[in-house]
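The structure appears right after this line, and notes come after that.
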Amino acid sequence: MTSAFFGLELALRALQTQQVALDVTNHNVANANTPGFSRQSAVLATTTPYTLPGFNRAPGAGQLGTGVWAAAIERARDGFLDIQYRAEVSTQRQAEVARDALEEVQVVLHEPSDTGISALLGSFFGAWQALASDPSDSATRDVVVQQASALAAGFNRATQQLSTIQQRLNDEVALTATEINSLTGQLTALNRQIVQVESIGQRANDLRDQRDLLLDRLAELVPIATVENSNGSVDVTLGGHALVTGTTADTLTTTPTGPGGLWEVRFASDSVVVSATSGRLKGLLDVRDGNIPSYRASLDTLANTLITAVNGLHTAGYGLDGVTGRPFFAGTDAATIAVDPTISADPRRVAAADAPNQASNNAVALALAQLRHTMSPPPESAYSALITGLGTDARGSQALAENQALLVQHIERRRQVVSGVSLDEETVNLLRYQRAYEAAARLITANDEMLDKLINETGIVGR
Amino acid sequence: MRITNRMLTDAVLTDISANARRMAALQQQLSSGKRLRQPADDPPGVERALTYRAALTASQQYLATMESSLAWLTATDDALGSATDVLQRAHELAVQGANDTLGPSQMASLAAEVNQLLEHLVALGNATLRGQRLFAGLRTDTNPFTLNPGPPTTVTYNGDAGPMQREIDIGTVIPINVPGNTVFPALFAALINLRDHLQAGDSTAMRTSDLGAIQSGLDSLLAVRADVGARMNRLEAARERQQLLQDHLGNLKSQVEDADFEQTVTDLAMAEAVYKAGLASAARVLQPSLLDYLR
């Protein structure tokens with residue numbers, strides 16, 4: 001036989017267990033919109049059943065259930081989805097950074113428009129064409145000098161602004177390294193707490209959620225691989241190099257040893273250069289060290305070949321003052337190209353003629369106007385190839401960013417299927433546990449009434 | 001599959017913002033009239049647009065060159081026409097002078113008129129267009145002909161033989177001037193001889209050489225004017241072709257760069273309808289939960 005108070009004990013446990021389940025539900029509802037939160041559930045289990053004692057056979061039916069307890073509080077989480085999410089979000093951020101930077105480059109170069117370098121090249125050659133058809137006119141010479149100055153300024157501005165974008169990306173590289181260090185620092189702290197909590201047999205659900213959220217954010221910056229140790233801590237590697245090991249993190253440092261004195265990101269422990277294959281860092285480095293230098297090199301080549309070709313013809317020509325041997329452009333690349341100060345000081349010195357004292361000799365002006373077609377490659381085609389290349393790069397990163405966004409959204413949706421809080425579901429749980437709680441309370445009342453009957457109303461015959 | 005509240009709100013948000021983005025892009029196309037906003041919108045299209053733009057600016061300049069070349073050739077033709085009138089008058093005077101019936105005073109007055117004609121012809125040889133000498137070769141800033149009264153009377157040429165080359169299309173270069181030394185010296189010589197023969201009363205020389213010289217001068221003028229006319233015809237034909245090309249390039253550029261108005265308006269109406277439907281469905285889906293029905 002069980003004790004008279006067995007029922008009370010059982011009802012009390014039921015009450016407490018439903019209370020725990022209710023609290024878990026409360027926690028879920030409260031965190032319905034918390035980023036990174038995983039829905040939790042109380043795992044209800046029967047307590048150890050009671051076998052009635054007996055010598056040969058049990059005197060009653062056995063085993064007798066002893067009620068319920070909350071065996072554990074679990075979080076609903078699919079680690080495989082986390083791995084997928086982190087891999088895809090890395091690529092997404094890489095593409096987005098490239099897309100945004102290339103968007104800026106496109107704004108700087110501003111094509112097709114009436115003010116971009118292609119329009120300036122057109123006006124430049126147009127001015128030589130006009131001079132070739134009216135070589136004795138000094139007004140057409142003024143126009144040549146003005147258009148050439150505008151073209152040179154266009155080159156100067158474009159390469160300057162590209163360099164500004166590159167510098168900004170460089171600053172962001174350093175910021176990203178700082179952010180990674182901050183995240184790995186927080187990860188080591190969480191690892192320590194989780195190990196402490198779980199070593200005493202509890203589950204550190206909320207701490208694990210926080211850690212997963214940090215890992216998600218870290219994956220946005222650099223591609224990471226994670227391994228969970230048996231004690232609950234997580235080790236993180238970046239490109240095969242340890243980044244977080246248990247409660248210690250390898251910090252990242254930036255040194256001005258990259259191309260052109262730009263930042264290079266290294267591990268502090270062994271000075272190995274961080275090799276990121278995706279993530280924000282990769283996107284920043286790609287545009288900073290790949291796209292922008294290549295666009296600037298194209299501009300430099302274009303400016304340089306233009307300077308060489310124009311000067312080659314112009315030095316052989318004669319100005320209206322009969323003087324020969326003057327270069328038209330000064331400088332050697334997009335940053336330094338300018339109309340030679342001697343020429344801009346007096347546009348009569350523009351050499352349109354291939355012989356002195358021939359007011360209408362336009363041989364040089366004509367050859368200069370024809371450079372538009374005779375240069376190989378023609379400057380306008382070379383520039384348009386640069387723009388098309390930029391457009392293709394930008395479009396590629398846009399498409400990749402868009403695809404990755406969809407992919408990440410899809411995985412996030414699947415994570416939400418597993419881990420998200422459904423308020424309808426929680427409301428139903430709330431009702432269920434509330435009712436169970438009420439019933440358990442009623443059990444106590446029933447037991448109480450039984451005991452009352454037994455204690456206060458039994459054995460009072462004749463009283 | 002479990003559907004959770006975050007999934008609903010997230011999905012509604014992404015879809016509505018995607019619709020809004022699409023609508024904004026179409027709106028921008030309509031308000032700017034441009035389909036191409038940046039190279040990434042259509043890289044091959046942008047390449048074509050830049051090619052058309054370059055060809056258009058070149059074409060405009062070719063047209064301007066042809067206009068000024070035609071003006072130059074017209075002025076040249078006018079001057080040569082006047083020179084023809086001068087020679088025709090000289091021819092009439094030579095016919096009169098070749099007649100033995102004139103007395104010395106009449107001969108002298110004819111000689112005086114021929115001298116006037118000579119001076120007029122020199123002035124024609126120095127004719128200008130916007131300050132540039134038509135017949136000076138490339139040395140258009142100085143008078144090509146100076147009359148030295150003599151005796152003997154001579155006319156010196158200060159110009160050169162240089163052709164004024166004009167590019168009227170890619171790689172097509174034509175000379176637009178007539179260097180004065182190819183036409184005028186023979187004409188001057190004919191008039192000087194006629195005048196001198198009139199003064200000397202040498203009607204035989206007029207009959208045997210001057211009439212012939214003036215006639216061959218007229219012939220050479222005719223030949224030069226025919227050549228000038230041929231060049232003008234060529235320029236006019238080329239100008240017409242260039243004009244057509246320019247219209248064509250303009251159309252091509254517009255096709256690549258400009259938004260198709262009807263299509264964009266239709267697309268915008270559609271995008272707007274989708275956007276509104278998204279908002280309406282969001283209003284329905286997001287509001288209710290089980291809590292609305294429990295008391």
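To be explicit about the labels: the chains of the structure tokens are called A, B, and onward in the order shown, and within each one the residues are counted from 1, while ligands get numbers from 1 in the order they are shown.
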- Restrict the distance test to only C-alpha atoms, flag each residue of chain B within 6 Å of chain A, and return the flagged residues as a PyMOL selection string. chain B and resi 2+4-5+39-40+43+47+54+65+138-141+166+290
- Message: Can you tell me which residues surround A:Glu438 at a distance of at most 12 Å, considering only C-alpha atoms, apart from same-chain residues fewer than 6 positions away, and format the answer as a list in words?
- Response: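 My reading of the contact set: Ala11, Leu12, Ala14, Leu15, Gln16, Gln18, Gln19, Leu22, Leu430, Leu431, Arg432, Ile444 and Thr445 of chain A.
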- List the neighbours of stretch 190-197 of chain A out to 12 Å using only C-alpha atoms; skip same-chain residues closer than 4 positions along the sequence, and give me the result as an MDAnalysis selection string. chainID A and resid 183:186 201:215 228:236 244:249
- Item | Expected answer as a PyMOL selection string: helix (DSSP H, G or I) residues in stretch 62-167 of chain B | chain B and resi 62-98+104-125
- Shell around A:Asn181 at 10 Å using only C-alpha atoms, local window under 4 positions removed, as a list in words: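 Once the adjacent positions are removed, what remains is Leu175, Thr176, Ala177, Gly185, Gln186, Leu187, Leu218, Leu243, Ala249, Asp250, Thr251, Leu252 and Thr253 of chain A.
Between A:Gly79 and the residues A:Thr336, A:Val227, A:Ala139, A:Ala152, the shortest atom-to-atom distance, using only C-alpha atoms, involves A:Val227.
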Which residues come within 10 Å of B:Ala123, counting only C-alpha atoms, excluding same-chain residues fewer than 2 positions away, as a PDB file with all heavy atoms, in the first residue's frame?
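Generated output (part-v7.pdb):
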ATOM      1  N   ALA B  79      33.230  83.468-106.752  1.00  0.00           N
ATOM      2  CA  ALA B  79      34.384  84.253-107.187  1.00  0.00           C
ATOM      3  C   ALA B  79      34.797  83.851-108.592  1.00  0.00           C
ATOM      4  O   ALA B  79      35.091  84.704-109.446  1.00  0.00           O
ATOM      5  CB  ALA B  79      35.545  84.054-106.212  1.00  0.00           C
ATOM      6  N   ALA B  83      34.908  85.946-112.060  1.00  0.00           N
ATOM      7  CA  ALA B  83      36.094  85.952-112.918  1.00  0.00           C
ATOM      8  C   ALA B  83      35.700  85.621-114.357  1.00  0.00           C
ATOM      9  O   ALA B  83      36.227  86.200-115.318  1.00  0.00           O
ATOM     10  CB  ALA B  83      37.120  84.948-112.393  1.00  0.00           C
ATOM     11  N   LEU B 117      39.566  95.853-115.514  1.00  0.00           N
ATOM     12  CA  LEU B 117      39.201  94.437-115.401  1.00  0.00           C
ATOM     13  C   LEU B 117      40.311  93.658-114.701  1.00  0.00           C
ATOM     14  O   LEU B 117      40.053  92.795-113.854  1.00  0.00           O
ATOM     15  CB  LEU B 117      38.945  93.835-116.791  1.00  0.00           C
ATOM     16  CG  LEU B 117      37.652  94.280-117.483  1.00  0.00           C
ATOM     17  CD1 LEU B 117      37.557  93.649-118.874  1.00  0.00           C
ATOM     18  CD2 LEU B 117      36.422  93.907-116.660  1.00  0.00           C
ATOM     19  N   LEU B 118      41.558  94.026-115.064  1.00  0.00           N
ATOM     20  CA  LEU B 118      42.703  93.339-114.460  1.00  0.00           C
ATOM     21  C   LEU B 118      42.708  93.534-112.947  1.00  0.00           C
ATOM     22  O   LEU B 118      42.849  92.579-112.173  1.00  0.00           O
ATOM     23  CB  LEU B 118      44.008  93.857-115.071  1.00  0.00           C
ATOM     24  CG  LEU B 118      45.308  93.324-114.436  1.00  0.00           C
ATOM     25  CD1 LEU B 118      45.438  91.822-114.646  1.00  0.00           C
ATOM     26  CD2 LEU B 118      46.515  94.049-115.017  1.00  0.00           C
ATOM     27  N   GLU B 119      42.504  94.805-112.544  1.00  0.00           N
ATOM     28  CA  GLU B 119      42.504  95.081-111.100  1.00  0.00           C
ATOM     29  C   GLU B 119      41.367  94.344-110.401  1.00  0.00           C
ATOM     30  O   GLU B 119      41.523  93.807-109.299  1.00  0.00           O
ATOM     31  CB  GLU B 119      42.410  96.592-110.858  1.00  0.00           C
ATOM     32  CG  GLU B 119      43.754  97.274-111.056  1.00  0.00           C
ATOM     33  CD  GLU B 119      43.653  98.790-111.011  1.00  0.00           C
ATOM     34  OE1 GLU B 119      42.598  99.304-110.565  1.00  0.00           O
ATOM     35  OE2 GLU B 119      44.620  99.456-111.428  1.00  0.00           O
ATOM     36  N   HIS B 120      40.204  94.292-111.083  1.00  0.00           N
ATOM     37  CA  HIS B 120      39.059  93.583-110.512  1.00  0.00           C
ATOM     38  C   HIS B 120      39.370  92.094-110.369  1.00  0.00           C
ATOM     39  O   HIS B 120      39.056  91.461-109.351  1.00  0.00           O
ATOM     40  CB  HIS B 120      37.831  93.794-111.402  1.00  0.00           C
ATOM     41  CG  HIS B 120      36.572  93.181-110.834  1.00  0.00           C
ATOM     42  ND1 HIS B 120      36.217  93.260-109.502  1.00  0.00           N
ATOM     43  CD2 HIS B 120      35.580  92.457-111.431  1.00  0.00           C
ATOM     44  CE1 HIS B 120      35.086  92.627-109.291  1.00  0.00           C
ATOM     45  NE2 HIS B 120      34.668  92.127-110.457  1.00  0.00           N
ATOM     46  N   LEU B 121      40.050  91.552-111.387  1.00  0.00           N
ATOM     47  CA  LEU B 121      40.381  90.126-111.357  1.00  0.00           C
ATOM     48  C   LEU B 121      41.355  89.822-110.210  1.00  0.00           C
ATOM     49  O   LEU B 121      41.220  88.803-109.518  1.00  0.00           O
ATOM     50  CB  LEU B 121      40.994  89.696-112.702  1.00  0.00           C
ATOM     51  CG  LEU B 121      41.135  88.177-112.900  1.00  0.00           C
ATOM     52  CD1 LEU B 121      39.772  87.493-112.863  1.00  0.00           C
ATOM     53  CD2 LEU B 121      41.824  87.865-114.230  1.00  0.00           C
ATOM     54  N   GLY B 125      40.877  87.377-107.139  1.00  0.00           N
ATOM     55  CA  GLY B 125      41.877  86.380-106.724  1.00  0.00           C
ATOM     56  C   GLY B 125      42.165  86.462-105.231  1.00  0.00           C
ATOM     57  O   GLY B 125      42.565  85.477-104.605  1.00  0.00           O
ATOM     58  N   ASN B 126      41.940  87.657-104.656  1.00  0.00           N
ATOM     59  CA  ASN B 126      42.153  87.839-103.222  1.00  0.00           C
ATOM     60  C   ASN B 126      40.859  87.721-102.416  1.00  0.00           C
ATOM     61  O   ASN B 126      40.819  88.124-101.248  1.00  0.00           O
ATOM     62  CB  ASN B 126      42.795  89.201-102.957  1.00  0.00           C
ATOM     63  CG  ASN B 126      44.218  89.255-103.478  1.00  0.00           C
ATOM     64  OD1 ASN B 126      44.889  88.225-103.563  1.00  0.00           O
ATOM     65  ND2 ASN B 126      44.679  90.450-103.851  1.00  0.00           N
ATOM     66  N   ALA B 127      39.806  87.175-103.061  1.00  0.00           N
ATOM     67  CA  ALA B 127      38.488  87.123-102.401  1.00  0.00           C
ATOM     68  C   ALA B 127      38.585  86.336-101.086  1.00  0.00           C
ATOM     69  O   ALA B 127      39.411  85.434-100.938  1.00  0.00           O
ATOM     70  CB  ALA B 127      37.477  86.456-103.333  1.00  0.00           C
ATOM     71  N   THR B 128      37.744  86.717-100.119  1.00  0.00           N
ATOM     72  CA  THR B 128      37.800  86.086 -98.796  1.00  0.00           C
ATOM     73  C   THR B 128      36.451  85.508 -98.393  1.00  0.00           C
ATOM     74  O   THR B 128      35.405  85.888 -98.931  1.00  0.00           O
ATOM     75  CB  THR B 128      38.186  87.105 -97.712  1.00  0.00           C
ATOM     76  OG1 THR B 128      37.168  88.098 -97.661  1.00  0.00           O
ATOM     77  CG2 THR B 128      39.528  87.740 -97.992  1.00  0.00           C
ATOM     78  N   ASN B 143      47.023  88.039 -98.619  1.00  0.00           N
ATOM     79  CA  ASN B 143      46.518  88.130 -99.989  1.00  0.00           C
ATOM     80  C   ASN B 143      47.439  87.335-100.913  1.00  0.00           C
ATOM     81  O   ASN B 143      48.653  87.532-100.923  1.00  0.00           O
ATOM     82  CB  ASN B 143      46.497  89.591-100.446  1.00  0.00           C
ATOM     83  CG  ASN B 143      45.243  90.290 -99.955  1.00  0.00           C
ATOM     84  OD1 ASN B 143      44.246  89.624 -99.656  1.00  0.00           O
ATOM     85  ND2 ASN B 143      45.299  91.603 -99.871  1.00  0.00           N
ATOM     86  N   PRO B 144      46.866  86.427-101.693  1.00  0.00           N
ATOM     87  CA  PRO B 144      47.722  85.599-102.548  1.00  0.00           C
ATOM     88  C   PRO B 144      48.296  86.364-103.752  1.00  0.00           C
ATOM     89  O   PRO B 144      49.364  86.002-104.242  1.00  0.00           O
ATOM     90  CB  PRO B 144      46.796  84.473-103.003  1.00  0.00           C
ATOM     91  CG  PRO B 144      45.423  85.011-102.858  1.00  0.00           C
ATOM     92  CD  PRO B 144      45.456  85.983-101.726  1.00  0.00           C
ATOM     93  N   PHE B 145      47.600  87.388-104.200  1.00  0.00           N
ATOM     94  CA  PHE B 145      48.059  88.062-105.425  1.00  0.00           C
ATOM     95  C   PHE B 145      48.387  89.530-105.157  1.00  0.00           C
ATOM     96  O   PHE B 145      47.601  90.239-104.516  1.00  0.00           O
ATOM     97  CB  PHE B 145      46.986  87.973-106.505  1.00  0.00           C
ATOM     98  CG  PHE B 145      46.706  86.562-106.947  1.00  0.00           C
ATOM     99  CD1 PHE B 145      45.523  85.924-106.587  1.00  0.00           C
ATOM    100  CD2 PHE B 145      47.645  85.840-107.683  1.00  0.00           C
ATOM    101  CE1 PHE B 145      45.270  84.627-106.979  1.00  0.00           C
ATOM    102  CE2 PHE B 145      47.386  84.538-108.080  1.00  0.00           C
ATOM    103  CZ  PHE B 145      46.210  83.926-107.731  1.00  0.00           C
ATOM    104  N   THR B 146      49.557  89.993-105.641  1.00  0.00           N
ATOM    105  CA  THR B 146      49.859  91.427-105.616  1.00  0.00           C
ATOM    106  C   THR B 146      50.167  91.869-107.039  1.00  0.00           C
ATOM    107  O   THR B 146      50.891  91.190-107.782  1.00  0.00           O
ATOM    108  CB  THR B 146      51.058  91.752-104.718  1.00  0.00           C
ATOM    109  OG1 THR B 146      51.886  90.605-104.616  1.00  0.00           O
ATOM    110  CG2 THR B 146      50.631  92.197-103.352  1.00  0.00           C
ATOM    111  N   LEU B 147      49.570  92.997-107.398  1.00  0.00           N
ATOM    112  CA  LEU B 147      49.725  93.547-108.750  1.00  0.00           C
ATOM    113  C   LEU B 147      50.894  94.519-108.731  1.00  0.00           C
ATOM    114  O   LEU B 147      50.883  95.497-107.981  1.00  0.00           O
ATOM    115  CB  LEU B 147      48.424  94.263-109.144  1.00  0.00           C
ATOM    116  CG  LEU B 147      48.338  94.827-110.554  1.00  0.00           C
ATOM    117  CD1 LEU B 147      48.423  93.727-111.602  1.00  0.00           C
ATOM    118  CD2 LEU B 147      47.044  95.622-110.715  1.00  0.00           C
TER     119      LEU B 147
END
- Message: Please report the interatomic distance between atom CA of A:Leu44 and atom CA of A:Ala61 in Å with one decimal.
- Response: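 Pair atom CA of A:Leu44 / atom CA of A:Ala61 returns 24.3 Å.
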- Looking at B:Met66, B:Met7, B:Leu80, B:Asn19, which one is nearest to B:Arg234, with distances taken over only C-alpha atoms?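 Of B:Met66, B:Met7, B:Leu80, B:Asn19, the one nearest B:Arg234, counting only C-alpha atoms, is B:Met66.
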Please identify which residues in stretch 146-341 of chain A DSSP calls strand (DSSP E) from the backbone, and express them as a PDB file with C-alpha atoms, in the first residue's frame.
ATOM      1  CA  ILE A 224      33.964  29.757 -40.461  1.00  0.00           C
ATOM      2  CA  ALA A 225      33.843  26.104 -39.579  1.00  0.00           C
ATOM      3  CA  THR A 226      32.686  25.042 -36.111  1.00  0.00           C
ATOM      4  CA  VAL A 227      33.204  21.912 -34.028  1.00  0.00           C
ATOM      5  CA  GLU A 228      31.358  21.345 -30.777  1.00  0.00           C
ATOM      6  CA  VAL A 234      32.588  25.338 -29.630  1.00  0.00           C
ATOM      7  CA  ASP A 235      35.873  25.646 -31.560  1.00  0.00           C
ATOM      8  CA  VAL A 236      35.921  27.941 -34.581  1.00  0.00           C
ATOM      9  CA  THR A 237      38.373  27.735 -37.477  1.00  0.00           C
ATOM     10  CA  LEU A 238      38.855  30.301 -40.226  1.00  0.00           C
ATOM     11  CA  HIS A 241      43.414  28.180 -38.943  1.00  0.00           C
ATOM     12  CA  ALA A 242      42.158  28.082 -35.351  1.00  0.00           C
ATOM     13  CA  LEU A 243      40.254  31.244 -34.425  1.00  0.00           C
ATOM     14  CA  VAL A 244      38.459  30.260 -31.231  1.00  0.00           C
ATOM     15  CA  THR A 245      39.624  27.275 -29.205  1.00  0.00           C
ATOM     16  CA  THR A 248      40.825  31.342 -25.963  1.00  0.00           C
ATOM     17  CA  ALA A 249      40.646  33.342 -29.179  1.00  0.00           C
ATOM     18  CA  LEU A 252      43.375  39.382 -35.819  1.00  0.00           C
ATOM     19  CA  THR A 253      45.771  42.261 -36.460  1.00  0.00           C
ATOM     20  CA  THR A 254      46.018  44.626 -39.391  1.00  0.00           C
ATOM     21  CA  THR A 255      49.401  45.594 -40.806  1.00  0.00           C
ATOM     22  CA  GLU A 264      46.599  43.103 -44.479  1.00  0.00           C
ATOM     23  CA  VAL A 265      44.755  40.979 -41.934  1.00  0.00           C
ATOM     24  CA  ARG A 266      46.864  38.454 -40.009  1.00  0.00           C
ATOM     25  CA  PHE A 267      46.471  36.096 -37.069  1.00  0.00           C
ATOM     26  CA  PHE A 329      49.449  67.077 -72.750  1.00  0.00           C
ATOM     27  CA  ALA A 330      51.540  66.979 -69.604  1.00  0.00           C
ATOM     28  CA  ALA A 338      46.671  67.912 -67.865  1.00  0.00           C
ATOM     29  CA  VAL A 339      46.882  70.279 -70.797  1.00  0.00           C
TER      30      VAL A 339
END
- Message: Which residue is closest to B:Leu235? Choose from B:Gln255, B:Thr74, B:Thr264, B:Gln28 and count only C-alpha atoms.
- Response: B:Thr74
- Which residues, written as an MDAnalysis selection string, have at least one atom at most 9 Å from B:Gln199, with only C-alpha atoms counted and residues fewer than 6 positions away on the same chain left out? chainID B and resid 104 107:112
- Contact residues around stretch 241-250 of chain B with only C-alpha atoms at 7 Å, ignoring same-chain residues under 3 positions, as a PyMOL selection string: chain B and resi 52+56+59+63+237-238+253-254
Go ahead and write the selection's residues with all heavy atoms as a PDB file, in the first residue's frame.
ATOM      1  N   TYR B  52      27.024  54.313 -79.951  1.00  0.00           N
ATOM      2  CA  TYR B  52      26.134  55.199 -80.708  1.00  0.00           C
ATOM      3  C   TYR B  52      26.405  56.653 -80.355  1.00  0.00           C
ATOM      4  O   TYR B  52      26.402  57.532 -81.217  1.00  0.00           O
ATOM      5  CB  TYR B  52      24.672  54.867 -80.423  1.00  0.00           C
ATOM      6  CG  TYR B  52      24.258  53.482 -80.869  1.00  0.00           C
ATOM      7  CD1 TYR B  52      23.324  52.744 -80.142  1.00  0.00           C
ATOM      8  CD2 TYR B  52      24.809  52.902 -82.016  1.00  0.00           C
ATOM      9  CE1 TYR B  52      22.954  51.476 -80.539  1.00  0.00           C
ATOM     10  CE2 TYR B  52      24.444  51.628 -82.413  1.00  0.00           C
ATOM     11  CZ  TYR B  52      23.517  50.918 -81.669  1.00  0.00           C
ATOM     12  OH  TYR B  52      23.159  49.661 -82.055  1.00  0.00           O
ATOM     13  N   LEU B  56      27.526  59.477 -82.880  1.00  0.00           N
ATOM     14  CA  LEU B  56      26.678  60.664 -83.056  1.00  0.00           C
ATOM     15  C   LEU B  56      27.490  61.949 -82.973  1.00  0.00           C
ATOM     16  O   LEU B  56      27.311  62.850 -83.800  1.00  0.00           O
ATOM     17  CB  LEU B  56      25.585  60.685 -81.986  1.00  0.00           C
ATOM     18  CG  LEU B  56      24.267  60.019 -82.370  1.00  0.00           C
ATOM     19  CD1 LEU B  56      23.332  59.979 -81.167  1.00  0.00           C
ATOM     20  CD2 LEU B  56      23.604  60.766 -83.515  1.00  0.00           C
ATOM     21  N   SER B  59      29.464  62.242 -86.048  1.00  0.00           N
ATOM     22  CA  SER B  59      28.597  62.544 -87.178  1.00  0.00           C
ATOM     23  C   SER B  59      28.198  64.021 -87.189  1.00  0.00           C
ATOM     24  O   SER B  59      28.180  64.674 -88.234  1.00  0.00           O
ATOM     25  CB  SER B  59      27.366  61.650 -87.089  1.00  0.00           C
ATOM     26  OG  SER B  59      26.430  62.013 -88.042  1.00  0.00           O
ATOM     27  N   LEU B  63      28.968  66.704 -90.132  1.00  0.00           N
ATOM     28  CA  LEU B  63      27.944  67.557 -90.749  1.00  0.00           C
ATOM     29  C   LEU B  63      28.383  69.013 -90.711  1.00  0.00           C
ATOM     30  O   LEU B  63      28.261  69.738 -91.705  1.00  0.00           O
ATOM     31  CB  LEU B  63      26.607  67.395 -90.011  1.00  0.00           C
ATOM     32  CG  LEU B  63      25.762  66.206 -90.462  1.00  0.00           C
ATOM     33  CD1 LEU B  63      24.523  66.086 -89.589  1.00  0.00           C
ATOM     34  CD2 LEU B  63      25.349  66.384 -91.916  1.00  0.00           C
ATOM     35  N   ALA B 237      25.549  65.202-101.381  1.00  0.00           N
ATOM     36  CA  ALA B 237      25.113  63.806-101.272  1.00  0.00           C
ATOM     37  C   ALA B 237      25.602  63.213 -99.954  1.00  0.00           C
ATOM     38  O   ALA B 237      24.857  62.534 -99.237  1.00  0.00           O
ATOM     39  CB  ALA B 237      25.653  63.004-102.449  1.00  0.00           C
ATOM     40  N   ALA B 238      26.872  63.505 -99.620  1.00  0.00           N
ATOM     41  CA  ALA B 238      27.440  62.958 -98.384  1.00  0.00           C
ATOM     42  C   ALA B 238      26.711  63.527 -97.171  1.00  0.00           C
ATOM     43  O   ALA B 238      26.482  62.833 -96.183  1.00  0.00           O
ATOM     44  CB  ALA B 238      28.925  63.286 -98.302  1.00  0.00           C
ATOM     45  N   LYS B 253      20.176  54.741 -80.512  1.00  0.00           N
ATOM     46  CA  LYS B 253      20.548  55.148 -79.160  1.00  0.00           C
ATOM     47  C   LYS B 253      19.299  55.207 -78.284  1.00  0.00           C
ATOM     48  O   LYS B 253      19.289  54.721 -77.157  1.00  0.00           O
ATOM     49  CB  LYS B 253      21.220  56.519 -79.214  1.00  0.00           C
ATOM     50  CG  LYS B 253      21.441  57.179 -77.871  1.00  0.00           C
ATOM     51  CD  LYS B 253      22.216  58.476 -78.031  1.00  0.00           C
ATOM     52  CE  LYS B 253      22.187  59.325 -76.795  1.00  0.00           C
ATOM     53  NZ  LYS B 253      20.989  60.135 -76.623  1.00  0.00           N
ATOM     54  N   SER B 254      18.237  55.772 -78.840  1.00  0.00           N
ATOM     55  CA  SER B 254      16.998  55.892 -78.072  1.00  0.00           C
ATOM     56  C   SER B 254      16.439  54.509 -77.738  1.00  0.00           C
ATOM     57  O   SER B 254      15.961  54.274 -76.632  1.00  0.00           O
ATOM     58  CB  SER B 254      15.997  56.704 -78.887  1.00  0.00           C
ATOM     59  OG  SER B 254      14.709  56.497 -78.408  1.00  0.00           O
TER      60      SER B 254
END
